[in-house]
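Enquirer: As input, take structure-v4.txt (compact mmCIF, C-alpha atoms):
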# COMPACT_ATOMS: atom_id res chain seq x y z
CA MET A 271 -47.92 1.63 13.69
CA THR A 272 -49.30 5.14 13.24
CA LEU A 273 -48.07 8.52 14.43
CA GLN A 274 -50.48 8.27 17.38
CA ASP A 275 -48.54 5.26 18.70
CA TYR A 276 -45.45 7.45 19.09
CA SER A 277 -47.13 10.68 20.22
CA ILE A 278 -46.83 11.28 23.96
CA PRO A 279 -49.79 13.25 25.35
CA GLY A 280 -48.90 16.69 26.71
CA THR A 281 -50.96 15.91 29.83
CA ALA A 282 -48.86 12.82 30.51
CA CYS A 283 -45.72 14.96 30.30
CA VAL A 284 -47.20 17.46 32.75
CA ALA A 285 -47.87 14.59 35.15
CA ALA A 286 -44.27 13.40 34.76
CA LEU A 287 -42.96 16.89 35.50
CA GLN A 288 -45.10 17.09 38.62
CA ARG A 289 -44.11 13.58 39.72
CA ASN A 290 -40.47 14.64 39.45
CA GLN A 291 -41.09 17.82 41.44
CA VAL A 292 -39.98 20.09 38.63
CA ASP A 293 -40.54 23.69 39.70
CA HIS A 294 -39.21 25.58 36.65
CA VAL A 295 -39.30 24.79 32.93
CA VAL A 296 -36.64 26.78 31.10
CA THR A 297 -37.10 26.80 27.37
CA VAL A 298 -36.80 27.93 23.82
CA PRO A 299 -39.92 26.44 22.24
CA ASP A 300 -39.75 23.21 20.27
CA TRP A 301 -42.04 22.18 17.41
CA VAL A 302 -42.09 18.56 18.61
CA GLN A 303 -43.22 19.50 22.13
CA LEU A 304 -45.79 22.14 21.18
CA ALA A 305 -48.57 20.36 23.05
CA LEU A 306 -46.58 20.49 26.28
CA HIS A 307 -45.59 24.11 25.65
CA SER A 308 -49.26 24.91 25.29
CA HIS A 309 -50.01 23.42 28.71
CA MET A 310 -47.09 25.36 30.18
CA GLU A 311 -48.29 28.63 28.69
CA GLN A 312 -51.76 28.09 30.13
CA GLY A 313 -50.09 27.78 33.54
CA ILE A 314 -49.43 24.78 35.75
CA ALA A 315 -49.54 25.20 39.50
CA GLY A 316 -46.08 24.95 41.03
CA ILE A 317 -44.18 25.16 37.74
CA ARG A 318 -42.83 28.48 36.51
CA LEU A 319 -42.14 28.89 32.82
CA VAL A 320 -38.93 30.78 31.91
CA ASN A 321 -38.63 31.67 28.23
CA CYS A 322 -35.14 32.38 26.96
CA ALA A 323 -33.86 34.11 23.85
CA ASN A 324 -31.60 31.18 22.98
CA GLU A 325 -30.59 27.78 24.28
CA ASN A 326 -27.28 28.85 25.83
CA GLN A 327 -29.33 30.91 28.23
CA THR A 328 -31.59 27.97 29.09
CA VAL A 329 -28.52 26.08 30.30
CA THR A 330 -27.07 28.93 32.36
CA VAL A 331 -30.44 29.94 33.81
CA ALA A 332 -31.12 26.33 34.78
CA ALA A 333 -27.67 26.16 36.37
CA GLY A 334 -28.40 29.24 38.47
CA LEU A 335 -31.75 27.80 39.51
CA THR A 336 -30.13 24.51 40.52
CA ILE A 337 -27.43 26.26 42.55
CA GLY A 338 -30.20 28.28 44.18
CA GLY A 339 -31.99 25.11 45.29
CA LYS A 340 -34.60 24.69 42.55
CA ARG A 341 -35.35 21.76 40.24
CA PRO A 342 -35.59 22.94 36.65
CA LEU A 343 -36.16 21.01 33.44
CA LEU A 344 -35.06 22.35 30.05
CA MET A 345 -37.05 22.07 26.83
CA MET A 346 -35.61 22.75 23.40
CA GLN A 347 -35.33 21.16 20.00
CA ASN A 348 -32.38 19.35 18.47
CA GLN A 349 -31.18 22.48 16.65
CA GLY A 350 -31.11 24.24 20.01
CA LEU A 351 -28.98 21.55 21.56
CA TYR A 352 -26.49 21.87 18.71
CA ASN A 353 -26.48 25.60 19.45
CA CYS A 354 -25.55 25.25 23.11
CA ILE A 355 -22.88 22.54 23.08
CA ASN A 356 -20.15 24.78 24.50
CA THR A 357 -22.42 25.96 27.31
CA LEU A 358 -23.32 22.35 28.12
CA ARG A 359 -19.60 21.57 28.11
CA ALA A 360 -18.83 24.34 30.59
CA VAL A 361 -21.84 23.98 32.89
CA CYS A 362 -22.53 20.26 32.92
CA LEU A 363 -19.32 18.51 31.86
CA ASP A 364 -16.68 20.77 33.45
CA ALA A 365 -18.65 22.33 36.33
CA HIS A 366 -20.77 19.17 36.87
CA ILE A 367 -24.03 21.01 37.46
CA PRO A 368 -26.77 18.41 36.90
CA MET A 369 -29.75 19.04 34.66
CA VAL A 370 -32.33 17.19 32.58
CA LEU A 371 -33.20 18.33 29.06
CA MET A 372 -36.16 17.31 26.91
CA VAL A 373 -35.03 17.68 23.31
CA GLY A 374 -37.42 17.26 20.41
CA GLN A 375 -36.15 15.48 17.31
CA PHE A 376 -37.35 18.23 14.99
CA GLY A 377 -37.41 17.19 11.35
CA ARG A 378 -37.65 13.46 12.00
CA GLU A 379 -39.55 11.90 9.12
CA TYR A 380 -42.51 9.80 10.27
CA ALA A 381 -41.20 6.83 8.29
CA ASN A 382 -38.18 6.82 10.62
CA LEU A 383 -40.30 6.42 13.80
CA GLY A 384 -39.76 2.99 15.33
CA ARG A 385 -36.43 2.72 13.55
CA PRO A 386 -32.99 3.95 14.69
CA SER A 387 -32.79 7.74 14.48
CA THR A 388 -29.32 7.23 13.01
CA ASP A 389 -31.10 5.93 9.88
CA SER A 390 -32.94 9.24 9.44
CA ARG A 391 -32.28 11.04 6.16
CA ARG A 392 -32.28 14.35 8.07
CA THR A 393 -28.88 15.43 9.36
CA MET A 394 -30.13 17.12 12.51
CA VAL A 395 -31.93 13.91 13.55
CA ARG A 396 -29.29 11.44 12.44
CA MET A 397 -26.36 13.19 14.18
CA MET A 398 -27.97 13.67 17.58
CA GLU A 399 -27.39 10.31 19.30
CA PRO A 400 -23.80 9.93 17.99
CA LEU A 401 -23.05 13.50 19.06
CA LEU A 402 -24.34 12.94 22.59
CA GLY A 403 -22.32 9.74 22.75
CA ALA A 404 -19.21 11.56 21.54
CA ILE A 405 -19.43 14.29 24.19
CA GLY A 406 -20.36 11.85 26.95
CA VAL A 407 -23.84 13.13 27.73
CA PRO A 408 -26.21 10.29 28.70
CA PHE A 409 -29.51 10.17 26.82
CA HIS A 410 -32.75 8.21 26.70
CA CYS A 411 -35.35 8.08 23.95
CA LEU A 412 -38.98 8.89 24.64
CA ASP A 413 -40.71 6.90 21.90
CA ASN A 414 -44.10 6.57 23.57
CA GLU A 415 -46.03 7.43 26.71
CA ALA A 416 -44.66 4.46 28.66
CA ASP A 417 -41.15 5.87 28.19
CA LEU A 418 -41.97 8.84 30.42
CA VAL A 419 -40.76 6.76 33.34
CA LYS A 420 -37.32 7.51 31.92
CA MET A 421 -37.71 11.08 33.16
CA ASP A 422 -37.52 9.77 36.74
CA LYS A 423 -34.40 7.84 35.82
CA ALA A 424 -32.92 10.89 34.10
CA PHE A 425 -33.20 13.03 37.23
CA GLU A 426 -31.64 10.29 39.35
CA GLN A 427 -28.84 9.84 36.83
CA ALA A 428 -28.19 13.58 36.45
CA GLU A 429 -27.84 14.02 40.19
CA ALA A 430 -25.86 10.84 40.81
CA GLN A 431 -23.38 11.49 37.99
CA ARG A 432 -23.56 15.31 38.23
CA THR A 433 -24.08 15.73 34.52
CA ALA A 434 -26.65 16.65 31.91
CA VAL A 435 -29.05 13.92 30.84
CA VAL A 436 -31.01 14.32 27.60
CA LEU A 437 -34.46 12.88 26.90
CA LEU A 438 -34.94 12.73 23.14
CA VAL A 439 -38.58 13.18 22.18
CA SER A 440 -39.16 11.21 19.01
CA ALA A 441 -42.51 12.36 17.65
CA PRO A 442 -44.81 15.38 17.89
CA MET A 443 -46.68 15.26 21.19
CA ALA A 444 -50.40 14.57 21.23
CA TRP A 445 -52.68 17.52 21.97
CA ARG A 446 -54.43 16.01 24.94
CA MET B 237 -12.84 56.57 32.66
CA MET B 238 -12.24 54.49 35.78
CA ASN B 239 -9.74 51.66 36.12
CA ILE B 240 -10.70 48.04 36.73
CA VAL B 241 -9.72 48.12 40.42
CA GLN B 242 -12.16 50.98 40.98
CA ALA B 243 -14.88 49.20 38.98
CA CYS B 244 -14.61 45.90 40.85
CA GLY B 245 -13.40 47.32 44.17
CA VAL B 246 -16.61 49.26 44.71
CA VAL B 247 -18.56 46.01 44.28
CA ALA B 248 -16.21 43.98 46.49
CA LYS B 249 -16.39 46.53 49.28
CA GLY B 250 -20.14 47.10 49.07
CA ARG B 251 -21.81 43.88 48.02
CA GLY B 252 -22.67 42.62 51.49
CA ASP B 253 -24.42 39.25 51.20
CA ALA B 254 -25.29 39.69 47.53
CA VAL B 255 -24.29 36.79 45.29
CA LEU B 256 -21.65 37.80 42.75
CA VAL B 257 -21.41 36.35 39.24
CA SER B 258 -18.25 37.25 37.31
CA THR B 259 -16.67 36.86 33.92
CA MET B 260 -12.96 36.23 33.37
CA LEU B 261 -11.40 39.67 33.90
CA SER B 262 -13.51 40.65 36.89
CA MET B 263 -12.98 37.18 38.40
CA PHE B 264 -9.21 37.72 38.41
CA ILE B 265 -9.61 41.20 39.88
CA PHE B 266 -12.01 39.99 42.60
CA ASP B 267 -9.54 37.18 43.38
CA ARG B 268 -6.84 39.80 43.86
CA ILE B 269 -8.71 42.41 45.82
CA GLU B 270 -10.77 40.09 48.01
CA GLY B 271 -7.70 37.89 48.57
CA ALA B 272 -7.50 34.99 50.96
CA ASP B 273 -9.70 36.58 53.62
CA GLY B 274 -12.49 37.58 51.24
CA LYS B 275 -12.29 41.21 52.40
CA ALA B 276 -11.51 44.10 50.10
CA LYS B 277 -11.21 46.76 52.80
CA MET B 278 -7.47 47.41 52.51
CA VAL B 279 -7.41 47.93 48.74
CA PRO B 280 -7.39 51.62 47.74
CA LEU B 281 -9.68 52.75 44.92
CA ILE B 282 -7.72 55.45 43.14
CA GLY B 283 -8.13 56.48 39.51
CA GLY B 284 -5.65 56.35 36.66
CA LYS B 285 -2.77 54.03 35.89
CA ALA B 286 -1.11 54.84 39.19
CA GLY B 287 -4.27 53.83 41.04
CA LEU B 288 -4.44 50.59 39.06
CA VAL B 289 -0.83 49.68 39.87
CA LEU B 290 -1.21 50.65 43.52
CA GLY B 291 -4.53 48.83 43.92
CA LEU B 292 -3.32 45.62 42.31
CA GLY B 293 -0.01 45.85 44.13
CA ILE B 294 -1.63 46.11 47.55
CA ALA B 295 -4.08 43.38 46.59
CA LYS B 296 -1.19 41.11 45.68
CA LEU B 297 0.61 41.93 48.91
CA LYS B 298 -2.57 41.20 50.83
CA SER B 299 -2.94 37.80 49.17
CA LEU B 300 0.71 36.98 49.94
CA LEU B 301 0.11 37.82 53.60
CA GLY B 302 -2.93 35.54 53.68
CA ALA B 303 -3.09 32.13 55.34
CA ASP B 304 -1.86 30.51 52.15
CA ALA B 305 -0.05 32.36 49.41
CA SER B 306 -1.39 30.06 46.74
CA ALA B 307 -3.64 31.75 44.20
CA ALA B 308 -5.94 28.76 44.54
CA GLN B 309 -6.66 29.76 48.14
CA VAL B 310 -8.50 32.99 47.39
CA ALA B 311 -11.86 33.17 49.12
CA THR B 312 -14.79 32.95 46.74
CA THR B 313 -17.62 33.03 49.25
CA GLY B 314 -20.88 33.89 47.58
CA ARG B 315 -19.23 34.05 44.19
CA ILE B 316 -19.48 32.08 40.97
CA SER B 317 -17.44 32.66 37.83
CA SER B 318 -18.74 31.99 34.33
CA VAL B 319 -15.34 30.60 33.37
CA PRO B 320 -14.39 29.42 30.85
CA LEU B 321 -17.71 30.37 29.32
CA MET B 322 -18.15 33.72 27.64
CA GLY B 323 -21.73 34.94 27.62
CA GLY B 324 -22.95 32.85 30.54
CA ALA B 325 -22.92 35.35 33.39
CA ALA B 326 -26.34 36.96 32.92
CA GLY B 327 -28.08 33.58 32.64
CA LEU B 328 -26.40 32.26 35.77
CA GLY B 329 -27.34 35.43 37.60
CA LEU B 330 -30.92 35.26 36.37
CA GLY B 331 -31.32 31.66 37.54
CA LEU B 332 -29.92 32.57 40.96
CA ALA B 333 -32.17 35.63 41.17
CA LEU B 334 -35.24 33.53 40.34
CA ALA B 335 -34.29 30.88 42.89
CA GLN B 336 -33.39 33.35 45.65
CA PRO B 337 -35.76 36.32 45.28
CA GLN B 338 -34.94 37.59 48.77
CA ARG B 339 -31.23 37.96 47.94
CA LYS B 340 -29.54 40.46 45.64
CA VAL B 341 -27.57 39.07 42.70
CA ILE B 342 -24.84 41.15 41.07
CA VAL B 343 -23.65 40.15 37.61
CA ILE B 344 -20.34 41.63 36.46
CA ASP B 345 -20.39 41.02 32.73
CA GLY B 346 -17.75 41.84 30.14
CA ASP B 347 -18.44 43.75 26.93
CA SER B 348 -17.25 40.89 24.66
CA SER B 349 -19.17 38.36 26.73
CA LEU B 350 -22.39 40.34 26.73
CA LEU B 351 -22.17 40.91 22.98
CA MET B 352 -22.10 37.12 22.55
CA GLU B 353 -25.41 36.77 24.39
CA LEU B 354 -27.04 40.15 23.91
CA GLY B 355 -30.44 38.45 23.75
CA GLY B 356 -29.89 37.64 27.40
CA LEU B 357 -30.91 41.22 28.19
CA ALA B 358 -34.40 40.42 26.87
CA THR B 359 -34.42 37.13 28.79
CA VAL B 360 -33.60 38.90 32.06
CA VAL B 361 -36.35 41.47 31.52
CA ALA B 362 -38.93 38.84 30.51
CA ALA B 363 -38.33 36.94 33.76
CA ASN B 364 -39.43 40.02 35.73
CA VAL B 365 -36.84 39.67 38.51
CA LYS B 366 -36.38 42.61 40.84
CA ASN B 367 -33.23 41.48 42.62
CA ILE B 368 -30.59 41.66 39.89
CA LEU B 369 -27.98 44.35 39.29
CA HIS B 370 -26.36 43.71 35.92
CA VAL B 371 -23.07 45.54 35.37
CA VAL B 372 -21.00 45.47 32.20
CA ILE B 373 -17.31 46.35 32.16
CA HIS B 374 -16.98 48.30 28.91
CA ASN B 375 -13.29 48.46 28.08
CA GLY B 376 -13.45 47.69 24.36
CA THR B 377 -10.93 44.88 24.60
CA GLN B 378 -10.82 41.09 24.78
CA PHE B 379 -7.99 39.26 26.61
CA THR B 380 -7.58 42.51 28.49
CA GLY B 381 -4.24 42.95 30.20
CA LEU B 382 -2.75 40.24 28.00
CA ALA B 383 -3.10 41.03 24.31
CA ASN B 384 -5.93 43.61 24.35
CA MET B 385 -7.64 42.46 21.18
CA LYS B 386 -10.38 44.77 19.93
CA VAL B 387 -14.02 43.90 20.66
CA ALA B 388 -16.28 43.61 17.58
CA THR B 389 -17.59 47.11 18.25
CA THR B 390 -16.06 49.57 20.66
CA ASP B 391 -18.75 52.25 20.76
CA PHE B 392 -21.74 50.02 21.58
CA GLN B 393 -24.34 51.70 23.79
CA PHE B 394 -24.99 48.90 26.29
CA ALA B 395 -27.01 50.98 28.76
CA GLU B 396 -29.18 52.37 25.98
CA VAL B 397 -29.88 48.87 24.65
CA ALA B 398 -30.65 47.56 28.15
CA ARG B 399 -33.08 50.43 28.68
CA LYS B 400 -34.80 49.67 25.37
CA CYS B 401 -35.01 46.00 26.37
CA GLY B 402 -36.98 47.04 29.43
CA TYR B 403 -34.53 47.17 32.34
CA VAL B 404 -36.19 49.28 35.03
CA HIS B 405 -33.14 51.50 35.25
CA ALA B 406 -30.02 51.70 33.08
CA GLU B 407 -27.16 54.14 33.16
CA ARG B 408 -23.59 54.60 31.98
CA ILE B 409 -20.95 55.66 34.52
CA SER B 410 -17.43 56.73 33.59
CA ASP B 411 -16.16 58.25 36.82
CA GLY B 412 -14.89 55.99 39.61
CA ALA B 413 -15.95 58.34 42.38
CA GLN B 414 -19.46 58.58 40.94
CA TRP B 415 -19.66 54.77 40.74
CA ALA B 416 -18.61 54.51 44.39
CA GLU B 417 -21.22 57.07 45.35
CA ARG B 418 -24.05 55.50 43.30
CA PHE B 419 -23.42 51.80 43.98
CA ALA B 420 -25.44 51.34 47.20
CA ALA B 421 -28.48 53.10 45.74
CA LEU B 422 -28.30 51.10 42.51
CA LEU B 423 -28.02 47.84 44.43
CA ALA B 424 -30.97 48.76 46.61
CA MET B 425 -33.26 49.57 43.66
CA ASP B 426 -35.97 47.20 42.50
CA GLY B 427 -34.63 45.93 39.20
CA PRO B 428 -33.61 44.67 36.92
CA VAL B 429 -31.01 47.44 36.99
CA PHE B 430 -28.22 47.80 34.43
CA VAL B 431 -24.99 49.77 34.75
CA GLU B 432 -22.43 50.25 31.98
CA LEU B 433 -19.04 51.09 33.47
CA MET B 434 -16.58 52.81 31.14
CA VAL B 435 -13.27 51.25 32.14
CA GLU B 436 -9.71 51.79 30.90
CA PRO B 437 -8.18 48.58 29.49
CA VAL B 438 -5.49 47.02 31.67
CA PRO B 439 -2.15 47.61 29.87
CA GLN B 440 -1.15 44.95 27.37
CA GLN B 441 1.61 42.49 28.39
CA THR B 442 2.35 40.74 25.12
CA LYS B 443 5.25 41.78 22.91
CA ALA B 444 7.87 40.02 20.80
CA GLY B 445 9.33 37.12 22.76
CA PHE B 446 6.42 36.91 25.21
CA GLU B 447 5.57 33.34 26.23
CA GLN B 448 1.99 32.45 27.10
CA GLU B 449 1.66 30.37 30.26
CA GLU B 450 -0.28 27.12 30.23
CA MET B 451 -3.84 27.45 31.53
CA PRO B 452 -3.96 25.94 35.03
CA ASP B 453 -6.48 23.18 35.85
CA ARG B 454 -8.18 25.52 38.30
CA GLN B 455 -9.40 27.59 35.37
CA PHE B 456 -11.53 24.62 34.32
CA ASP B 457 -12.49 23.34 37.78
CA ARG B 458 -13.39 26.49 39.61
CA MET B 459 -16.91 27.06 38.31
CA GLY B 460 -17.88 23.61 39.59
CA GLN B 461 -16.20 24.15 42.95
CA GLU B 462 -17.79 27.57 43.32
CA ALA B 463 -21.19 26.16 42.34
CA LEU B 464 -21.02 23.49 45.03
CA ALA B 465 -19.88 25.98 47.68
CA LEU B 466 -22.53 28.52 46.69
CA GLN B 467 -25.25 25.87 46.63
CA ALA B 468 -24.27 24.77 50.15
CA MET B 469 -24.12 28.35 51.40
CA LEU B 470 -27.56 29.22 50.02
CA ALA B 471 -29.08 25.99 51.34
CA ASN B 472 -27.56 26.64 54.76
CA ASP B 473 -28.89 30.20 54.82
CA ALA B 474 -32.35 28.97 53.86
CA ALA B 475 -32.38 26.31 56.61
As structure tokens, what does this structure read like?
Expert:
Amino acid sequence: MTLQDYSIPGTACVAALQRNQVDHVVTVPDWVQLALHSHMEQGIAGIRLVNCANENQTVTVAAGLTIGGKRPLLMMQNQGLYNCINTLRAVCLDAHIPMVLMVGQFGREYANLGRPSTDSRRTMVRMMEPLLGAIGVPFHCLDNEADLVKMDKAFEQAEAQRTAVVLLVSAPMAWR
Amino acid sequence: MMNIVQACGVVAKGRGDAVLVSTMLSMFIFDRIEGADGKAKMVPLIGGKAGLVLGLGIAKLKSLLGADASAAQVATTGRISSVPLMGGAAGLGLGLALAQPQRKVIVIDGDSSLLMELGGLATVVAANVKNILHVVIHNGTQFTGLANMKVATTDFQFAEVARKCGYVHAERISDGAQWAERFAALLAMDGPVFVELMVEPVPQQTKAGFEQEEMPDRQFDRMGQEALALQAMLANDAA
């Protein structure tokens, strides 16, 4: 298996966002999802990009959008998720405002792809799944393009359970 | 400087159908002065400690005369509280302003809260929303009215920083009467608009022998309840 086998094309992600009727992407940019960020910055009809100064703001802005009747998706990297745990706690776990986050596993060594992320030698990668389990936030891994169907499931799950659902992006996205 | 009843009372009396996002202190004051009927009309806005005591006293009396004397029965129509979550108010307000561009959104931030997420000023400006009035209660204290702990910096120039970040208009107001006079015009302006209110801290309660009460469940449930109610109200208005 090569990196290409794990790289999800940015265009496929755009299609998944459109299929899920996402109207706002709220973000602090992520190295793993640069290809998708690039598409967003070029402009996608019907999807507004909201750049935030840090990840706590992505969560609160997305909450306001959701309350106001919109359907946002958040993009950040694993370090950003660690940064906004208390905001996720308040907004999604206590206040039960649903949202879907795409979180890039920044720092994941390519040798770890296809293996459990908990075997990674990088702390920020290795801790992510156990942390999400510990705080009770459901997550799904996007290991290849076929996994994008999990975005549909994530929106259904977020709304049904009124919680945050995280999609962990395993490998750098493909620039196509 | 004005007192907190003047600072929040002007907003409660004049907000109309604007959505209101609060932090902890202002949430408690809005609960008191809007009371069970959601109307602030009876509460006098008088300066100084006497005005604070009178305003809160009448607000309390008003809530006791409401349909249900329980504190949990205060009306929160069109309100959401960033509680317990310091630093979240501006983001919540920005999301609401983006989603509802035809409706005004008023954010009543606290100085400690805003310092935690000062970068949020840049985020608000970058989003280019016109319908947000961002107010900070600058009283230099945290746990105001309880232990009055000092904020990291007490002479921070919030309005100046907001102006430098690119808010269309930013000003500092110290006088309660001036705030009452300026509020309607500031709310009507195309924003984002920022107002720094210089507010006297509510007197400290704690002293030797003081016992802190347990936090009620409502403190942890209310943001979710308010979110659901606000979501339904906005959806209903849009229909």
Enquirer: Hey, can you check how far CA of Gly250 in chain B sits from CA of Met352 in chain B?
Expert: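 That distance, rounded to one decimal, is 28.4 Å.
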Enquirer: With only C-alpha atoms as the basis for distance, which of B:Glu270, B:Glu353, B:Asp426, B:Asp453 is at the shortest distance from Lys298 in chain B?
Expert: B:Glu270
Enquirer: Restrict the distance test to only C-alpha atoms, flag each residue of chain A within 10 Å of chain B, and return the flagged residues as a VMD selection string.
Expert: chain A and resid 294 296 318 to 324 326 to 342 356 to 367
Enquirer: Would you kindly return, as a list in words, each protein, DNA or RNA residue with an atom no farther than 8 Å from any atom of Ile240 in chain B, considering only C-alpha atoms and excluding same-chain residues fewer than 2 positions away?
Expert: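 The neighbour list is Met238, Gln242, Ala243, Cys244, Gly245, Ser262, Ile265, Leu288, Val435, Glu436, Pro437 and Val438 of chain B.
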Enquirer: So what do you get for CA of Lys275 in chain B versus CA of Val247 in chain B, distance-wise?
Expert: 11.3 Å
Enquirer: To one decimal in Å, tell me the separation between CA of Ile317 in chain A and CA of Val292 in chain A.
Expert: 6.6 Å
Enquirer: Using only C-alpha atoms, which protein or nucleic acid residues come within 12 Å of Met443 in chain A? Drop anything in the same chain fewer than 2 positions from it, and give the result as a ChimeraX atom specification.
Expert: /A:273-284,300-309,374-376,412-415,439-441,445-446
Enquirer: Could you name the residues that touch Phe446 in chain B at 12 Å or less, counting all atoms listed in the file, but leaving out those on the same chain fewer than 6 positions away, as a PDB file with C-alpha atoms, in the frame of the given file?
Expert:
ATOM      1  CA  LEU B 382      -2.750  40.240  28.000  1.00  0.00           C
ATOM      2  CA  ALA B 383      -3.100  41.030  24.310  1.00  0.00           C
ATOM      3  CA  GLN B 440      -1.150  44.950  27.370  1.00  0.00           C
TER       4      GLN B 440
END
Enquirer: What's the 10 Å shell around Lys420 in chain A, counting all atoms listed in the file, without same-chain residues fewer than 3 positions away, as a compact mmCIF listing (two decimals) with C-alpha atoms, in the coordinates of the input?
Expert:
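Contents of out16.txt, freshly written:
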# COMPACT_ATOMS: atom_id res chain seq x y z
CA ALA A 286 -44.27 13.40 34.76
CA PHE A 409 -29.51 10.17 26.82
CA HIS A 410 -32.75 8.21 26.70
CA CYS A 411 -35.35 8.08 23.95
CA LEU A 412 -38.98 8.89 24.64
CA ALA A 416 -44.66 4.46 28.66
CA ASP A 417 -41.15 5.87 28.19
CA LYS A 423 -34.40 7.84 35.82
CA ALA A 424 -32.92 10.89 34.10
CA PHE A 425 -33.20 13.03 37.23
CA GLU A 426 -31.64 10.29 39.35
CA LEU A 437 -34.46 12.88 26.90
Enquirer: Determine the axis-aligned bounding box of all atoms of range 380-398 of chain B present in the file, pad each side by 6 Å, and express its centre and edge lengths in Å to one decimal place as AutoDock Vina command-line options.
Expert:
--center_x -16.7 --center_y 46.3 --center_z 23.9 --size_x 39.9 --size_y 24.1 --size_z 24.6
Enquirer: Just checking: using all atoms listed in the file, which residue out of B:Gly287, B:Pro428, B:Gly402, B:Gly271 ends up closest to Lys366 in chain B?
Expert: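 Answer, going by the shortest atom-to-atom distance: B:Pro428.
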Enquirer: Using all atoms listed in the file, determine which residues lie at most 6 Å from Val373 in chain A, disregarding the query and same-chain residues fewer than 4 positions distant; provide the list as number ranges by chain.
Expert: A: 345-348, 438-439
